[in-house]
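Peer 1: This one is work_28.txt, compact mmCIF, C-alpha atoms.
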```txt
# COMPACT_ATOMS: atom_id res chain seq x y z
CA MET G 541 -40.83 158.68 192.12
CA ARG G 542 -44.57 159.23 192.16
CA GLU G 543 -46.01 160.16 195.58
CA THR G 544 -49.55 159.24 196.57
CA ASN G 545 -50.75 160.05 200.06
CA TYR G 546 -54.00 158.84 201.59
CA HIS G 547 -56.93 160.04 203.66
CA ILE G 548 -58.84 157.24 205.38
CA ILE G 549 -62.39 158.25 206.27
CA VAL G 550 -63.95 155.95 208.85
CA ALA G 551 -67.66 155.66 208.01
CA ALA G 552 -68.47 152.14 209.22
CA GLY G 553 -69.98 153.08 212.58
CA SER G 554 -73.63 152.55 213.47
CA GLY G 555 -74.12 156.04 214.90
CA SER G 556 -76.41 154.62 217.58
CA ARG G 557 -76.37 157.79 219.71
CA TYR G 558 -77.65 159.86 216.79
CA GLY G 559 -80.86 157.87 216.34
CA GLY G 560 -82.83 157.64 213.12
CA ASN G 561 -83.00 154.96 210.46
CA LEU G 562 -79.50 155.54 209.07
CA PRO G 563 -76.08 156.04 210.63
CA LYS G 564 -75.37 159.77 211.00
CA GLN G 565 -72.75 159.83 208.22
CA PHE G 566 -75.52 159.07 205.72
CA CYS G 567 -78.07 161.50 207.15
CA ASP G 568 -78.97 164.76 205.46
CA LEU G 569 -76.60 167.72 205.68
CA ASN G 570 -77.52 170.60 203.39
CA GLY G 571 -79.55 168.36 201.10
CA ARG G 572 -77.33 165.29 200.77
CA PRO G 573 -75.55 162.68 202.93
CA LEU G 574 -73.06 164.20 205.40
CA LEU G 575 -70.28 161.87 204.21
CA MET G 576 -70.18 163.60 200.83
CA THR G 577 -69.24 166.90 202.46
CA THR G 578 -66.49 165.23 204.48
CA ILE G 579 -65.00 163.67 201.34
CA GLU G 580 -65.14 166.97 199.46
CA ARG G 581 -63.52 168.94 202.28
CA LEU G 582 -60.56 166.56 202.51
CA HIS G 583 -60.21 166.51 198.73
CA ASP G 584 -60.23 170.30 198.59
CA ALA G 585 -57.54 170.43 201.30
CA THR G 586 -55.19 168.06 199.42
CA PRO G 587 -56.41 167.45 195.86
CA ASP G 588 -53.57 165.05 195.00
CA ALA G 589 -54.28 162.64 197.88
CA GLU G 590 -56.29 159.45 197.45
CA ILE G 591 -59.36 158.97 199.64
CA ILE G 592 -60.42 155.64 201.11
CA VAL G 593 -63.87 155.43 202.68
CA VAL G 594 -64.42 152.59 205.13
CA LEU G 595 -68.02 151.36 205.03
CA SER G 596 -69.83 148.53 206.74
CA ALA G 597 -70.48 145.72 204.28
CA ASP G 598 -74.25 146.24 204.37
CA MET G 599 -73.92 149.93 203.42
CA VAL G 600 -71.70 149.61 200.34
CA GLU G 601 -74.55 149.11 197.88
CA MET G 602 -76.69 151.84 199.45
CA TRP G 603 -73.76 154.26 199.35
CA GLY G 604 -73.38 153.61 195.64
CA GLU G 605 -77.06 154.39 195.17
CA MET G 606 -76.67 157.62 197.15
CA CYS G 607 -73.74 158.69 194.99
CA ARG G 608 -75.75 158.10 191.82
CA GLU G 609 -78.79 159.90 193.21
CA HIS G 610 -76.76 162.99 194.10
CA ALA G 611 -74.43 162.80 191.06
CA PHE G 612 -71.50 162.52 193.45
CA THR G 613 -68.53 161.55 191.29
CA LEU G 614 -65.51 162.54 193.39
CA SER G 615 -63.11 159.60 193.19
CA HIS G 616 -62.68 157.45 196.29
CA LEU G 617 -61.85 153.84 197.14
CA ILE G 618 -63.96 151.62 199.38
CA ALA G 619 -62.70 149.41 202.20
CA THR G 620 -64.93 147.21 204.33
CA GLY G 621 -65.29 147.91 208.04
CA GLY G 622 -64.52 145.55 210.87
CA PRO G 623 -65.95 144.83 214.34
CA THR G 624 -64.26 147.88 215.90
CA ARG G 625 -62.95 151.22 214.67
CA ALA G 626 -59.38 149.95 214.90
CA HIS G 627 -60.23 146.92 212.75
CA SER G 628 -61.88 149.21 210.19
CA VAL G 629 -58.80 151.42 209.96
CA LYS G 630 -56.57 148.34 209.74
CA ASN G 631 -58.54 147.12 206.72
CA ALA G 632 -57.94 150.46 204.97
CA VAL G 633 -54.26 150.48 205.94
CA THR G 634 -53.92 146.96 204.52
CA LEU G 635 -55.46 148.16 201.25
CA ILE G 636 -52.89 150.96 201.08
CA GLU G 637 -50.08 148.51 201.80
CA GLN G 638 -51.29 146.26 198.97
CA ARG G 639 -51.49 149.17 196.54
CA LEU G 640 -47.97 150.28 197.42
CA ALA G 641 -46.63 146.75 196.98
CA ALA G 642 -48.23 146.57 193.53
CA ASP G 643 -46.70 149.90 192.44
CA SER G 644 -42.92 149.65 192.45
CA CYS G 645 -42.63 153.32 191.45
CA GLY G 646 -45.03 154.58 194.09
CA ARG G 647 -44.27 156.30 197.36
CA CYS G 648 -46.56 157.24 200.26
CA ARG G 649 -45.32 159.85 202.71
CA TRP G 650 -48.33 160.24 204.99
CA ILE G 651 -51.69 158.72 205.83
CA SER G 652 -54.46 160.54 207.66
CA VAL G 653 -57.40 158.99 209.47
CA HIS G 654 -60.56 161.05 209.83
CA ASP G 655 -64.01 160.54 211.31
CA ALA G 656 -66.72 160.67 208.66
CA ALA G 657 -68.93 162.59 211.09
CA ARG G 658 -66.55 165.59 211.17
CA PRO G 659 -67.58 167.45 208.00
CA VAL G 660 -66.17 170.86 209.02
CA VAL G 661 -62.51 169.90 208.59
CA THR G 662 -60.56 172.79 207.02
CA ARG G 663 -57.63 173.17 204.67
CA PRO G 664 -55.55 175.22 207.18
CA MET G 665 -55.88 172.45 209.77
CA VAL G 666 -54.83 169.72 207.33
CA GLU G 667 -51.89 171.81 206.12
CA ALA G 668 -50.75 172.49 209.70
CA LEU G 669 -50.89 168.77 210.53
CA ILE G 670 -48.88 167.77 207.46
CA SER G 671 -46.28 170.45 208.19
CA SER G 672 -45.88 169.15 211.76
CA LEU G 673 -44.79 165.72 210.47
CA LYS G 674 -41.31 167.13 209.79
CA GLU G 675 -40.29 166.51 213.39
CA ALA G 676 -42.80 163.92 214.65
CA ASP G 677 -44.14 160.42 214.02
CA GLY G 678 -47.63 161.85 213.79
CA ALA G 679 -49.69 164.99 214.30
CA ILE G 680 -52.96 165.22 216.22
CA PRO G 681 -55.39 168.15 216.40
CA ALA G 682 -56.43 168.92 219.95
CA CYS G 683 -58.41 171.65 221.70
CA ARG G 684 -58.17 173.03 225.21
CA VAL G 685 -60.90 171.79 227.51
CA THR G 686 -63.22 174.61 228.53
CA ASP G 687 -65.62 172.70 230.79
CA SER G 688 -64.73 171.80 234.35
CA ILE G 689 -63.71 168.14 234.66
CA ARG G 690 -64.19 165.62 237.44
CA LEU G 691 -62.48 162.24 237.73
CA ILE G 692 -64.77 159.35 238.72
CA GLY G 693 -63.29 156.80 241.11
CA PRO G 694 -64.05 153.05 241.25
CA ASP G 695 -66.50 153.62 244.10
CA GLY G 696 -68.45 156.26 242.15
CA SER G 697 -66.99 159.21 244.03
CA SER G 698 -65.48 162.10 242.09
CA HIS G 699 -62.97 164.89 242.46
CA ALA G 700 -62.02 167.94 240.42
CA VAL G 701 -58.97 167.84 238.16
CA ASP G 702 -56.97 170.62 236.55
CA ARG G 703 -58.50 171.03 233.09
CA SER G 704 -55.39 172.85 231.84
CA MET G 705 -53.64 169.47 231.87
CA TYR G 706 -56.09 167.94 229.38
CA ARG G 707 -56.87 168.27 225.69
CA ALA G 708 -59.86 167.11 223.63
CA VAL G 709 -58.55 165.16 220.64
CA GLN G 710 -60.01 165.53 217.14
CA THR G 711 -59.37 164.12 213.68
CA PRO G 712 -57.86 164.00 211.13
CA GLN G 713 -54.80 162.45 212.74
CA ILE G 714 -51.88 162.26 210.31
CA PHE G 715 -48.90 159.91 210.48
CA HIS G 716 -45.82 158.87 208.55
CA ALA G 717 -47.17 156.16 206.28
CA ALA G 718 -44.57 153.48 206.93
CA LYS G 719 -44.92 153.89 210.70
CA LEU G 720 -48.72 153.72 210.67
CA ILE G 721 -48.61 150.63 208.46
CA ALA G 722 -46.14 148.99 210.86
CA ALA G 723 -48.22 149.99 213.91
CA TYR G 724 -51.32 148.31 212.50
CA ARG G 725 -49.48 145.01 212.17
CA GLN G 726 -49.59 144.56 215.96
CA PRO G 727 -52.52 142.74 217.62
CA LEU G 728 -55.38 145.17 218.14
CA GLN G 729 -56.45 145.92 221.71
CA PRO G 730 -59.75 147.22 223.18
CA GLU G 731 -57.99 150.35 224.44
CA PHE G 732 -57.14 151.45 220.90
CA THR G 733 -59.77 154.19 220.71
CA ASP G 734 -57.91 156.26 218.13
CA ASP G 735 -54.92 155.91 215.84
CA ALA G 736 -52.58 157.80 218.15
CA SER G 737 -53.09 155.07 220.76
CA VAL G 738 -52.21 152.42 218.15
CA MET G 739 -49.03 154.32 217.26
CA GLU G 740 -47.99 154.76 220.91
CA ALA G 741 -48.46 151.05 221.62
CA ALA G 742 -46.12 150.28 218.71
CA GLY G 743 -43.44 152.60 220.13
CA TYR G 744 -44.09 155.56 217.84
CA ASP G 745 -44.77 158.05 220.60
CA ALA G 746 -43.26 161.22 219.10
CA LEU G 747 -46.72 162.65 218.46
CA CYS G 748 -47.18 166.38 217.97
CA LEU G 749 -50.29 168.18 219.18
CA VAL G 750 -51.54 170.82 216.75
CA ASP G 751 -54.18 173.37 217.65
CA GLY G 752 -57.57 171.92 216.82
CA ASP G 753 -60.61 173.87 215.72
CA PRO G 754 -63.69 174.17 217.98
CA HIS G 755 -65.79 174.23 214.78
CA ASN G 756 -64.44 170.80 213.81
CA ILE G 757 -67.26 169.09 215.68
CA LYS G 758 -68.17 165.44 215.51
CA VAL G 759 -71.85 165.12 214.68
CA THR G 760 -73.21 162.91 217.44
CA ASN G 761 -76.68 164.18 218.32
CA PRO G 762 -79.45 165.38 215.95
CA GLY G 763 -78.93 169.03 216.90
CA ASP G 764 -75.29 168.82 215.83
CA MET G 765 -76.30 168.66 212.17
CA ALA G 766 -77.69 172.20 212.27
CA ILE G 767 -74.54 173.41 214.05
CA ALA G 768 -72.33 171.76 211.40
CA SER G 769 -74.37 173.42 208.66
CA LEU G 770 -73.85 176.81 210.30
CA TYR G 771 -70.10 176.27 210.68
CA LEU G 772 -69.77 175.13 207.06
CA ALA G 773 -71.20 178.45 205.95
CA GLU G 774 -68.44 180.24 207.87
CA THR G 775 -65.34 178.17 207.09
CA ILE G 776 -63.10 177.51 204.09
```
Rewrite the structure of this file - the entire thing - as structure tokens.

Peer 2:
Amino acid sequence: MRETNYHIIVAAGSGSRYGGNLPKQFCDLNGRPLLMTTIERLHDATPDAEIIVVLSADMVEMWGEMCREHAFTLSHLIATGGPTRAHSVKNAVTLIEQRLAADSCGRCRWISVHDAARPVVTRPMVEALISSLKEADGAIPACRVTDSIRLIGPDGSSHAVDRSMYRAVQTPQIFHAAKLIAAYRQPLQPEFTDDASVMEAAGYDALCLVDGDPHNIKVTNPGDMAIASLYLAETI
């Protein structure tokens, strides 16, 4: 039976904190839109996997123009974004479900979901996440918190908390395909800030934490682009 796994790249956000005329995933990184690097890095990590890019409806045509301008021909499918990140991922998951239903000989073992604005994803991280699926419903990259943390109370007061008890979560997050598809059939809630939270709400809470990479930054502010460029020069 033929196996096709999928990377979903969420690129439908407005990137309002970044500023500028375009969302950050379309801004310049080393001479071309950042999103192209993210697609290439995931493809290089798992060349046999299909890639689905989720775009806002008003960016689909412009993205096509960007690909032509930069002769970017790496194969990828397009799904249309929704009002929230969870809705955008659900649209891509539905596309995968439809493709599987149309291919009676096809099989999908895993689906990953990755932020378009994390272009420094590496092959070793992706391989470690996939390997961790052997004994878990999903695998999530996470880093130890190095800053001191304070918890804010309802009245605005704060108190220190033990940072060793917390982890900063990254993407890609990788899940068993059938379980992620089932999880996204439930009604979406405002508290679904990542795909792990969607899985947990559906009862798939055997989620494995894998060591994240401090270089796997999410470009959020203009200065982050230069940092990402530096890290890309150092990583595989």

Peer 1: Which residues are close to Val738 of chain G, i.e. within 8 Å by all atoms listed in the file, leaving aside same-chain residues fewer than 6 positions away? Reply as a ChimeraX atom specification.

Peer 2: /G:723-724,728,732

Peer 1: Mind running segment 696-759 of chain G against segment 687-690 of chain G at 8 Å and telling me each contacting residue's nearest atom pair with the distance in Å (one decimal), counting only C-alpha atoms, chain and number ascending, as JSON lines?

Peer 2:
```
{"residue": "G:Ser698", "atom": "CA", "partner": "G:Arg690", "partner_atom": "CA", "distance": 6.0}
{"residue": "G:His699", "atom": "CA", "partner": "G:Arg690", "partner_atom": "CA", "distance": 5.2}
{"residue": "G:Ala700", "atom": "CA", "partner": "G:Arg690", "partner_atom": "CA", "distance": 4.4}
{"residue": "G:Val701", "atom": "CA", "partner": "G:Arg690", "partner_atom": "CA", "distance": 5.7}
{"residue": "G:Asp702", "atom": "CA", "partner": "G:Ile689", "partner_atom": "CA", "distance": 7.4}
{"residue": "G:Arg703", "atom": "CA", "partner": "G:Ile689", "partner_atom": "CA", "distance": 6.2}
```

Peer 1: Around all the atoms of segment 753-770 of chain G listed in the file, draw an axis-aligned box and extend it by 4 Å on each of the six sides; I want its centre and edge lengths in Å to one decimal, as lines of an AutoDock Vina configuration file.

Peer 2:
```
center_x = -70.0
center_y = 169.9
center_z = 213.5
size_x = 26.8
size_y = 21.9
size_z = 17.7
```

Peer 1: Between G:Tyr546, G:Phe566, G:Trp603, G:Tyr771, which is the closest to Ala589 of chain G once you count all atoms listed in the file?

Peer 2: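 Using all atoms listed in the file, the shortest distance to Ala589 of chain G belongs to G:Tyr546.
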
Peer 1: Which polymer residues have any atom within 9 Å of an atom of Ala746 of chain G, counting only C-alpha atoms, with same-chain residues fewer than 2 positions away left out, as a list in words?

Peer 2: Glu675, Ala676, Asp677, Gly678, Ala679, Glu740, Gly743, Tyr744 and Cys748 of chain G

Peer 1: Could you work out how far atom CA of Ala585 of chain G lies from atom CA of Leu673 of chain G, giving the answer in Å with one decimal?

Peer 2: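 Those two atoms sit 16.4 Å apart.
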
Peer 1: Quick one: of G:Phe612, G:Ala626, G:Ala597, G:Pro762, who's nearest to Thr577 of chain G, counting only C-alpha atoms?

Peer 2: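 Among the listed residues, the smallest separation from Thr577 of chain G belongs to G:Phe612.
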
Peer 1: All heavy atoms for segment 591-602 of chain G, written as a PDB file, in the coordinates of the input, could you do that?

Peer 2:
```pdb
ATOM      1  N   ILE G 591     -58.431 159.090 198.516  1.00  0.00           N
ATOM      2  CA  ILE G 591     -59.360 158.970 199.640  1.00  0.00           C
ATOM      3  C   ILE G 591     -59.906 157.555 199.682  1.00  0.00           C
ATOM      4  O   ILE G 591     -60.356 157.014 198.665  1.00  0.00           O
ATOM      5  CB  ILE G 591     -60.507 159.988 199.510  1.00  0.00           C
ATOM      6  CG1 ILE G 591     -59.963 161.412 199.677  1.00  0.00           C
ATOM      7  CG2 ILE G 591     -61.604 159.705 200.543  1.00  0.00           C
ATOM      8  CD1 ILE G 591     -60.990 162.490 199.476  1.00  0.00           C
ATOM      9  N   ILE G 592     -59.838 156.953 200.870  1.00  0.00           N
ATOM     10  CA  ILE G 592     -60.420 155.640 201.110  1.00  0.00           C
ATOM     11  C   ILE G 592     -61.534 155.802 202.127  1.00  0.00           C
ATOM     12  O   ILE G 592     -61.312 156.328 203.224  1.00  0.00           O
ATOM     13  CB  ILE G 592     -59.380 154.631 201.623  1.00  0.00           C
ATOM     14  CG1 ILE G 592     -58.262 154.432 200.602  1.00  0.00           C
ATOM     15  CG2 ILE G 592     -60.051 153.293 201.964  1.00  0.00           C
ATOM     16  CD1 ILE G 592     -57.151 153.514 201.081  1.00  0.00           C
ATOM     17  N   VAL G 593     -62.728 155.385 201.775  1.00  0.00           N
ATOM     18  CA  VAL G 593     -63.870 155.430 202.680  1.00  0.00           C
ATOM     19  C   VAL G 593     -64.126 154.024 203.204  1.00  0.00           C
ATOM     20  O   VAL G 593     -64.268 153.084 202.420  1.00  0.00           O
ATOM     21  CB  VAL G 593     -65.123 155.982 201.975  1.00  0.00           C
ATOM     22  CG1 VAL G 593     -66.316 155.966 202.923  1.00  0.00           C
ATOM     23  CG2 VAL G 593     -64.872 157.397 201.459  1.00  0.00           C
ATOM     24  N   VAL G 594     -64.160 153.892 204.522  1.00  0.00           N
ATOM     25  CA  VAL G 594     -64.420 152.590 205.130  1.00  0.00           C
ATOM     26  C   VAL G 594     -65.902 152.492 205.472  1.00  0.00           C
ATOM     27  O   VAL G 594     -66.427 153.282 206.262  1.00  0.00           O
ATOM     28  CB  VAL G 594     -63.584 152.388 206.406  1.00  0.00           C
ATOM     29  CG1 VAL G 594     -63.737 150.954 206.911  1.00  0.00           C
ATOM     30  CG2 VAL G 594     -62.117 152.705 206.155  1.00  0.00           C
ATOM     31  N   LEU G 595     -66.580 151.546 204.849  1.00  0.00           N
ATOM     32  CA  LEU G 595     -68.020 151.360 205.030  1.00  0.00           C
ATOM     33  C   LEU G 595     -68.306 149.968 205.585  1.00  0.00           C
ATOM     34  O   LEU G 595     -67.575 149.012 205.291  1.00  0.00           O
ATOM     35  CB  LEU G 595     -68.751 151.491 203.686  1.00  0.00           C
ATOM     36  CG  LEU G 595     -68.623 152.814 202.930  1.00  0.00           C
ATOM     37  CD1 LEU G 595     -69.260 152.681 201.556  1.00  0.00           C
ATOM     38  CD2 LEU G 595     -69.277 153.942 203.712  1.00  0.00           C
ATOM     39  N   SER G 596     -69.376 149.859 206.355  1.00  0.00           N
ATOM     40  CA  SER G 596     -69.830 148.530 206.740  1.00  0.00           C
ATOM     41  C   SER G 596     -70.324 147.807 205.490  1.00  0.00           C
ATOM     42  O   SER G 596     -70.824 148.437 204.548  1.00  0.00           O
ATOM     43  CB  SER G 596     -70.963 148.622 207.780  1.00  0.00           C
ATOM     44  OG  SER G 596     -72.065 149.331 207.250  1.00  0.00           O
ATOM     45  N   ALA G 597     -70.164 146.497 205.481  1.00  0.00           N
ATOM     46  CA  ALA G 597     -70.480 145.720 204.280  1.00  0.00           C
ATOM     47  C   ALA G 597     -71.918 145.934 203.819  1.00  0.00           C
ATOM     48  O   ALA G 597     -72.192 145.983 202.605  1.00  0.00           O
ATOM     49  CB  ALA G 597     -70.220 144.239 204.541  1.00  0.00           C
ATOM     50  N   ASP G 598     -72.844 146.113 204.759  1.00  0.00           N
ATOM     51  CA  ASP G 598     -74.250 146.240 204.370  1.00  0.00           C
ATOM     52  C   ASP G 598     -74.624 147.645 203.890  1.00  0.00           C
ATOM     53  O   ASP G 598     -75.771 147.881 203.509  1.00  0.00           O
ATOM     54  CB  ASP G 598     -75.163 145.816 205.522  1.00  0.00           C
ATOM     55  CG  ASP G 598     -74.929 146.643 206.786  1.00  0.00           C
ATOM     56  OD1 ASP G 598     -74.012 147.485 206.803  1.00  0.00           O
ATOM     57  OD2 ASP G 598     -75.666 146.431 207.769  1.00  0.00           O
ATOM     58  N   MET G 599     -73.644 148.576 203.901  1.00  0.00           N
ATOM     59  CA  MET G 599     -73.920 149.930 203.420  1.00  0.00           C
ATOM     60  C   MET G 599     -73.252 150.228 202.081  1.00  0.00           C
ATOM     61  O   MET G 599     -73.490 151.297 201.509  1.00  0.00           O
ATOM     62  CB  MET G 599     -73.462 150.964 204.445  1.00  0.00           C
ATOM     63  CG  MET G 599     -74.335 151.067 205.680  1.00  0.00           C
ATOM     64  SD  MET G 599     -76.074 151.485 205.314  1.00  0.00           S
ATOM     65  CE  MET G 599     -75.902 153.068 204.501  1.00  0.00           C
ATOM     66  N   VAL G 600     -72.443 149.335 201.574  1.00  0.00           N
ATOM     67  CA  VAL G 600     -71.700 149.610 200.340  1.00  0.00           C
ATOM     68  C   VAL G 600     -72.648 149.843 199.169  1.00  0.00           C
ATOM     69  O   VAL G 600     -72.512 150.822 198.414  1.00  0.00           O
ATOM     70  CB  VAL G 600     -70.717 148.458 200.031  1.00  0.00           C
ATOM     71  CG1 VAL G 600     -70.068 148.667 198.655  1.00  0.00           C
ATOM     72  CG2 VAL G 600     -69.645 148.368 201.111  1.00  0.00           C
ATOM     73  N   GLU G 601     -73.614 148.960 199.002  1.00  0.00           N
ATOM     74  CA  GLU G 601     -74.550 149.110 197.880  1.00  0.00           C
ATOM     75  C   GLU G 601     -75.390 150.373 198.030  1.00  0.00           C
ATOM     76  O   GLU G 601     -75.599 151.117 197.061  1.00  0.00           O
ATOM     77  CB  GLU G 601     -75.452 147.878 197.790  1.00  0.00           C
ATOM     78  CG  GLU G 601     -76.405 147.921 196.597  1.00  0.00           C
ATOM     79  CD  GLU G 601     -77.237 146.654 196.463  1.00  0.00           C
ATOM     80  OE1 GLU G 601     -76.955 145.677 197.197  1.00  0.00           O
ATOM     81  OE2 GLU G 601     -78.168 146.641 195.628  1.00  0.00           O
ATOM     82  N   MET G 602     -75.866 150.643 199.231  1.00  0.00           N
ATOM     83  CA  MET G 602     -76.690 151.840 199.450  1.00  0.00           C
ATOM     84  C   MET G 602     -75.877 153.105 199.200  1.00  0.00           C
ATOM     85  O   MET G 602     -76.392 154.082 198.651  1.00  0.00           O
ATOM     86  CB  MET G 602     -77.251 151.839 200.872  1.00  0.00           C
ATOM     87  CG  MET G 602     -78.156 153.031 201.165  1.00  0.00           C
ATOM     88  SD  MET G 602     -78.908 152.975 202.812  1.00  0.00           S
ATOM     89  CE  MET G 602     -80.020 151.578 202.600  1.00  0.00           C
TER      90      MET G 602
END
```
